[in-house]
Amino acid sequence: MDEFQEILQDFLVESFELVEKLDEDLVELESNPEDLELLNGIFRVAHTIKGASSFLNFDVLTHLTHHMEDVLNKARHGELVITPDIMDVVLESIDLMKTLLETIRDTSEDAGIDVSDCVSKLDRVSGGDGNVETPVVEPSGAQEEPAAEESVAEQEDEPDYENMDESEIEDEIERLLKQRQAEDKAKREAKIAAGEKVLMPEHDLDEDTKESQDEQPKAEPKPTAKPAPKPVPKVEAVATEDADAENEDAKAGAPAKRTPAAVEQTIRVDVKRLDHLMNLIGELVLAKNRLMKINEEVEERYEGEEFLEELNQVVSIVSLVTTDLQIAVMKTRMLPVGKVFNKFPRMIRDLSRELNKKIELVLAGEDTELDKSIVEEIGDPLVHIIRNSCDHGVESPAERAAKGKDEMGTIGLKAYNEGNQIVIQIDDDGKGLDAEMLKAKSLEKGIISEKEAENMSDKEAFGLIFKPGFSTAASVTNVSGRGVGMDVVKTNIEKLNGIIDIDSEVGVGTSMKLKIPLTLAIIQALLVGVQEEYYAIPLASVLETVRISKDEIYTVEGRSVMRLRDDVLSLVHIGDIFEVERILDASDHAYVVVLGLGTSKLGLIVDTLVGQEEIVIKSLGDYLKGIDGIAGATIRGDGGVTLIVDVVALMQMAKDVKTTTMIDASAEGSASNEKNKPSDYTIMIVDDSKTDRTIMRKSLESMGMTLIEAADGQEALGILKSGEHNFDAMLVDIEMPRMDGYSLASEIKKYNKYKNLPLIAVTSRTGKSDRMRGVESGMVEYITKPYSSDYLASVVARNVNFKAEFL
Amino acid sequence: MSDKLKQIINKQSQQQESAVSQTDNVVQLVGFVIGDEEYAVPILAIQEIIKPFEWTRVPQVPKYVLGVFNLRGAVIPLIDLRTKFGLQSKKHTEETRFIVMRHGDDVAGFVIDRLTMAIRIKKENIGPAPDTVNGDETIIDGVGKQEDKIITILKVNKLLERDF
């Protein structure tokens, strides 16, 4: 049983792959009915599946594929010209075949699907009377097949022609041999003299003709060497090429170009393993970030030391290799987007027949690669968009003719790279979107208010088509118009951190761009700070950042807004959304991160911009999943956790936040500035050496000031933030563990509240560059050890404006 | 000779069995203090015990969820048991620890005031949870009786269950 399962698995994998290719080939065949290479390819697929399914005793499937094979075989021999009607039947049978394969995949049986209707159609097409006995369930049908298998044995590896008699088979073999020889010959000759060509392929066709004459003629007469009537002009070109017979490639056309793909050396790898690999790389990227950060710190601290250069080299190599490795692993997970595009030629064909429109699909950039998980997700949205374009976009041939357009409408589907993103663009040359009409419709359905409609730009109006419940179609058709599809498109694309951009002109067409990140696991993010917290915003949703002063913020109807060039941008403070406690005062200036999702925009006010960083997305786990506005977390270079903003949710939440208040800068801090006695002055002494602290204490004690000690920068910062004391000055040593004096100074200066707090460096570092750094980080005085206690006291007194009467 | 050997072997195996039955009867717990009470969880549910370090606040969660922290590359929720048990939260001290507990795939860190010790306690010395807190909802697994005190044994799966 296990062995059977294994074979079955292989069979299914192979079959699905074959079928996928089949759709594409068949549509191409319809416009290229004489393409023998194509026909042979399709025939082989039907044949392979038939062979395997009969071996596995899937009688219904065998029965179906058998009849498909008949039709295709006739077509291959030129007894049958593939017309759209025949193609319909063939396509229908392929759909049935897919359904059967899916049933087999799910139940390991092919029972329960009625193929008799389709089979009789096939039979009629291939010249039979349509009365075919169909095996309904396994046992009864099994009767037919063993016979076939016998012939399999007889014919060794060409077991397909059980419907032919002995002589036909003989002919077939001969024909194939001749064809092969002819091809080989043609190839050889093409090599010798690429330019001047002989009649080889024509000979090929002749062979076919002869062949078809041997067998009883069926259906329409086979076109001879220079085929006369062609359904599509495109074929003419191919046929001419045939006659000119440049070489094999020219004759085989597109399929020949695809052939190399089949020879590519590949191995199948379980996706789980790739995922695991991806996770490991994620860890490595984090470690790399951390290493780089440490390197920076070391560089600062040991400036000019020799080993630094070596360290620098190693760090840059590690970082380089990590980046390369990350890209390489990402690539292993990449699939060409063509995998999704493949199904659309067929879909367009069906739709255009169903809707009685003439639509041509132009594909481009199928080779563009995307992460596997994304490829799986974009299929459905694309189906919706293309259906929409067919149904609402492209007009009927009569309408188009009246407008002076080509009757044949065109839908372009192309993919290309743009920076860190993949863009999938869907263009149609249909009637376009009418912004006014969209607004009127949405008003009617109560999706937007009158006021909103008034203030709406055209782009925003186009965005309305993504609103749930919106549909412009006058009637609901089979294809679209239920007002669900586009909403789904938007949600799905946004789930992938992607955005949708619509452009449209009435009467000219619509162009939709889906911008999707290359991968989901590692993204570029903008790190922002609010109070003491940091958040990461996916860079894909960030349009721009602006620095504003508080008086640029206006309040309109209880909402904060600002002018951004010619637009009015609504604002929300990140602190209001994430319930950030406001311990520290905000400065007069703030930064606005302009977030864009499709057509909607929002300004997010943050306190600081930290910078752009590559982050690895980690889930918050089951316990904390589903928190509004948080998409996940990442680990920063310093080992801390930073939350990642879910821009979609955040924009929703912003609607509920009414006013955005920025705390008044000067509320606190200056309150208790009145000094009545020496102990009202509070000085913090920061030094890692107990002795040094004691010396400083001794120097200042005589003045009666309150003295607080801290052993390093971290501790000092902690004491400062706790707010227990109101410091008038700080004496800071430079070299300290955990956080040195420079870092401490720059940390402190970040907070508006401490902008004017005098920081006095007390250090044995006397270099000029040290002094410069001290000034840069915000120190006001620089005292070098050793110093006299009087000097220290006088410097402190000067800086705290120590009142003379206390002395 | 062989009889003697057999006897010895028998004796040994008997000893082993009794040792096994002994361990079967004994539950190993790790005790810790929150507020004035001593609690314990099975030692096997504990992944590690670490000293407190930086964590990141997460918005829109109950107060007892302090946030998330980085445990060697994994992002793990941090829960303050003091607040969860309705006590005033207090500043972390030298004795404060994070206990990282695991049940299946669920992992979380819990802030406790102080560790006591690893406890071996016989099963017969563990009583059921008091009637007043009975039911499926309680996080109390049972009450362990020691000579001089009683210890509340907590259900790790309940502790790790999201209840908001």
# chains A, B, ... in the order shown; residues from 1 in each chain; ligands from 1
>>> interface_residues(of="chain B", to="chain A", cutoff="6 Å", atoms="only C-alpha atoms", output="ChimeraX atom specification")
/B:56,59,162
>>> select_by_dssp(residues="chain B", states="alpha helix (DSSP H)", output="ChimeraX atom specification")
/B:2-25,81-84,156-159
>>> write_last_selection(atoms="C-alpha atoms", output="short mmCIF file (atom, residue, chain, number, x, y, z; two decimals), in the first residue's frame")
data_model
loop_
_atom_site.label_atom_id
_atom_site.label_comp_id
_atom_site.auth_asym_id
_atom_site.auth_seq_id
_atom_site.Cartn_x
_atom_site.Cartn_y
_atom_site.Cartn_z
CA SER B 2 24.60 -19.14 41.07
CA ASP B 3 21.84 -19.08 43.66
CA LYS B 4 23.66 -16.45 45.57
CA LEU B 5 24.16 -14.49 42.41
CA LYS B 6 20.50 -14.76 41.62
CA GLN B 7 19.64 -13.55 45.05
CA ILE B 8 21.85 -10.56 44.64
CA ILE B 9 20.42 -9.81 41.25
CA ASN B 10 16.92 -10.15 42.58
CA LYS B 11 17.71 -7.87 45.42
CA GLN B 12 19.17 -5.32 43.10
CA SER B 13 16.23 -5.35 40.79
CA GLN B 14 13.88 -5.06 43.75
CA GLN B 15 15.79 -2.03 44.89
CA GLN B 16 15.58 -0.54 41.47
CA GLU B 17 11.86 -1.10 41.35
CA SER B 18 11.35 0.49 44.68
CA ALA B 19 13.44 3.40 43.50
CA VAL B 20 11.27 3.72 40.47
CA SER B 21 8.10 3.53 42.50
CA GLN B 22 9.59 6.09 44.80
CA THR B 23 10.17 8.55 41.98
CA ASP B 24 6.71 7.79 40.71
CA ASN B 25 5.32 8.90 44.00
CA LEU B 81 2.37 37.37 38.37
CA ARG B 82 2.06 39.98 41.13
CA THR B 83 -0.31 42.04 39.03
CA LYS B 84 -2.05 38.96 37.73
CA VAL B 156 1.24 25.69 33.93
CA ASN B 157 -1.17 25.25 31.03
CA LYS B 158 -3.60 27.66 32.69
CA LEU B 159 -0.86 30.17 33.32
#
>>> residues_around(residues="Leu122 (chain A)", least_positions_apart="6", cutoff="8 Å", atoms="only C-alpha atoms", output="PyMOL selection string")
chain A and resi 67-68+71+89-90+130
>>> atom_distance(atom1="CA of Gly304 (chain A)", atom2="CA of Asp770 (chain A)")
12.6 Å
>>> atom_distance(atom1="CA of Asp588 (chain A)", atom2="CA of Glu715 (chain A)")
28.1 Å
>>> closest_residue(among="B:Ile50, B:Leu154, B:Leu44, B:Ile112", to="Phe69 (chain B)", atoms="only C-alpha atoms")
B:Ile50
>>> residues_around(residues="Leu29 (chain B)", least_positions_apart="3", cutoff="9 Å", atoms="only C-alpha atoms", output="PDB file with N, CA and C atoms, in the first residue's frame")
ATOM      1  N   ALA B  40       4.342  26.988  43.574  1.00  0.00           N
ATOM      2  CA  ALA B  40       5.276  26.068  42.929  1.00  0.00           C
ATOM      3  C   ALA B  40       4.705  25.601  41.600  1.00  0.00           C
ATOM      4  N   VAL B  41       5.620  25.294  40.691  1.00  0.00           N
ATOM      5  CA  VAL B  41       5.217  24.665  39.425  1.00  0.00           C
ATOM      6  C   VAL B  41       6.114  23.461  39.190  1.00  0.00           C
ATOM      7  N   PRO B  42       5.623  22.457  38.446  1.00  0.00           N
ATOM      8  CA  PRO B  42       6.444  21.273  38.173  1.00  0.00           C
ATOM      9  C   PRO B  42       7.750  21.671  37.494  1.00  0.00           C
ATOM     10  N   ILE B  43       8.812  21.044  37.935  1.00  0.00           N
ATOM     11  CA  ILE B  43      10.136  21.440  37.431  1.00  0.00           C
ATOM     12  C   ILE B  43      10.261  21.201  35.927  1.00  0.00           C
ATOM     13  N   LEU B  44       9.515  20.200  35.436  1.00  0.00           N
ATOM     14  CA  LEU B  44       9.640  19.863  34.018  1.00  0.00           C
ATOM     15  C   LEU B  44       8.988  20.901  33.116  1.00  0.00           C
ATOM     16  N   MET B 117      13.127  27.199  46.428  1.00  0.00           N
ATOM     17  CA  MET B 117      14.003  26.050  46.216  1.00  0.00           C
ATOM     18  C   MET B 117      13.289  25.003  45.380  1.00  0.00           C
ATOM     19  N   ALA B 118      14.075  24.008  44.989  1.00  0.00           N
ATOM     20  CA  ALA B 118      13.467  22.859  44.335  1.00  0.00           C
ATOM     21  C   ALA B 118      12.879  21.983  45.432  1.00  0.00           C
ATOM     22  N   ILE B 119      11.667  21.535  45.219  1.00  0.00           N
ATOM     23  CA  ILE B 119      10.963  20.787  46.268  1.00  0.00           C
ATOM     24  C   ILE B 119      10.642  19.388  45.757  1.00  0.00           C
ATOM     25  N   ARG B 120      10.908  18.379  46.572  1.00  0.00           N
ATOM     26  CA  ARG B 120      10.408  17.036  46.263  1.00  0.00           C
ATOM     27  C   ARG B 120       9.278  16.776  47.228  1.00  0.00           C
ATOM     28  N   ILE B 121       8.173  16.469  46.704  1.00  0.00           N
ATOM     29  CA  ILE B 121       7.017  16.292  47.583  1.00  0.00           C
ATOM     30  C   ILE B 121       6.277  15.031  47.162  1.00  0.00           C
ATOM     31  N   ILE B 153       0.262  24.797  44.319  1.00  0.00           N
ATOM     32  CA  ILE B 153       0.849  24.342  43.058  1.00  0.00           C
ATOM     33  C   ILE B 153      -0.012  24.857  41.902  1.00  0.00           C
TER      34      ILE B 153
END
>>> atom_distance(atom1="CA of Lys358 (chain A)", atom2="CA of Pro397 (chain A)")
6.5 Å
>>> closest_residue(among="A:Met653, A:Val732, A:Leu26, A:Ile49", to="Glu14 (chain A)", atoms="only C-alpha atoms")
A:Ile49
>>> residues_around(residues="region 399-415 of chain A", least_positions_apart="2", cutoff="6 Å", atoms="only C-alpha atoms", output="PDB file with C-alpha atoms, in the first residue's frame")
ATOM      1  CA  LYS A 358     -12.950  40.042 -28.211  1.00  0.00           C
ATOM      2  CA  ILE A 359     -10.125  40.203 -25.755  1.00  0.00           C
ATOM      3  CA  GLU A 360      -6.475  39.566 -26.202  1.00  0.00           C
ATOM      4  CA  LEU A 361      -4.166  38.966 -23.273  1.00  0.00           C
ATOM      5  CA  VAL A 362      -0.626  40.215 -23.540  1.00  0.00           C
ATOM      6  CA  LEU A 363       1.709  38.734 -20.985  1.00  0.00           C
ATOM      7  CA  ALA A 364       5.091  40.150 -20.142  1.00  0.00           C
ATOM      8  CA  GLY A 365       7.721  39.501 -17.541  1.00  0.00           C
ATOM      9  CA  GLU A 395     -16.415  47.048 -24.016  1.00  0.00           C
ATOM     10  CA  SER A 396     -18.305  44.871 -26.439  1.00  0.00           C
ATOM     11  CA  PRO A 397     -16.960  44.778 -30.024  1.00  0.00           C
ATOM     12  CA  VAL A 423       5.147  45.364  -9.566  1.00  0.00           C
ATOM     13  CA  ILE A 424       2.356  43.490 -11.265  1.00  0.00           C
ATOM     14  CA  GLN A 425       0.579  45.729 -13.667  1.00  0.00           C
ATOM     15  CA  ILE A 426      -2.788  45.015 -15.209  1.00  0.00           C
ATOM     16  CA  ASP A 427      -3.753  47.340 -18.047  1.00  0.00           C
ATOM     17  CA  ASP A 428      -6.851  47.333 -20.153  1.00  0.00           C
ATOM     18  CA  ASP A 429      -7.860  49.597 -23.006  1.00  0.00           C
TER      19      ASP A 429
END
>>> residues_around(residues="Phe32 (chain B)", least_positions_apart="3", cutoff="6 Å", atoms="only C-alpha atoms", output="MDAnalysis selection string")
chainID B and resid 38:39 114:116
>>> closest_residue(among="A:Leu38, A:Phe11, A:Asn312, A:Val616", to="Gly51 (chain A)", atoms="only C-alpha atoms")
A:Phe11
>>> residues_around(residues="Ile46 (chain B)", least_positions_apart="3", cutoff="9 Å", atoms="only C-alpha atoms", output="list in words")
Val30, Val41, Pro42, Ile43, Ile49, Ile99, Val100, Met101, Arg102 and His103 of chain B
>>> write_last_selection(atoms="N, CA and C atoms", output="tab-separated table (two decimals), in the first residue's frame")
chain	number	residue	atom	x	y	z
B	30	VAL	N	9.38	23.49	41.61
B	30	VAL	CA	10.23	24.64	41.92
B	30	VAL	C	9.35	25.67	42.62
B	41	VAL	N	5.62	25.29	40.69
B	41	VAL	CA	5.22	24.67	39.42
B	41	VAL	C	6.11	23.46	39.19
B	42	PRO	N	5.62	22.46	38.45
B	42	PRO	CA	6.44	21.27	38.17
B	42	PRO	C	7.75	21.67	37.49
B	43	ILE	N	8.81	21.04	37.93
B	43	ILE	CA	10.14	21.44	37.43
B	43	ILE	C	10.26	21.20	35.93
B	49	ILE	N	15.35	29.73	34.19
B	49	ILE	CA	15.10	30.83	35.12
B	49	ILE	C	16.20	31.85	34.88
B	99	ILE	N	10.79	33.45	35.28
B	99	ILE	CA	10.73	32.01	35.06
B	99	ILE	C	10.11	31.78	33.69
B	100	VAL	N	10.85	31.13	32.81
B	100	VAL	CA	10.31	30.84	31.48
B	100	VAL	C	9.67	29.47	31.52
B	101	MET	N	8.36	29.41	31.34
B	101	MET	CA	7.64	28.14	31.40
B	101	MET	C	7.17	27.75	30.01
B	102	ARG	N	7.09	26.44	29.83
B	102	ARG	CA	6.69	25.93	28.52
B	102	ARG	C	5.62	24.86	28.69
B	103	HIS	N	4.62	24.91	27.86
B	103	HIS	CA	3.62	23.84	27.81
B	103	HIS	C	3.28	23.66	26.34
>>> closest_residue(among="B:Val33, B:Val58, B:Tyr64, B:Ala74", to="Gly86 (chain B)", atoms="only C-alpha atoms")
B:Tyr64
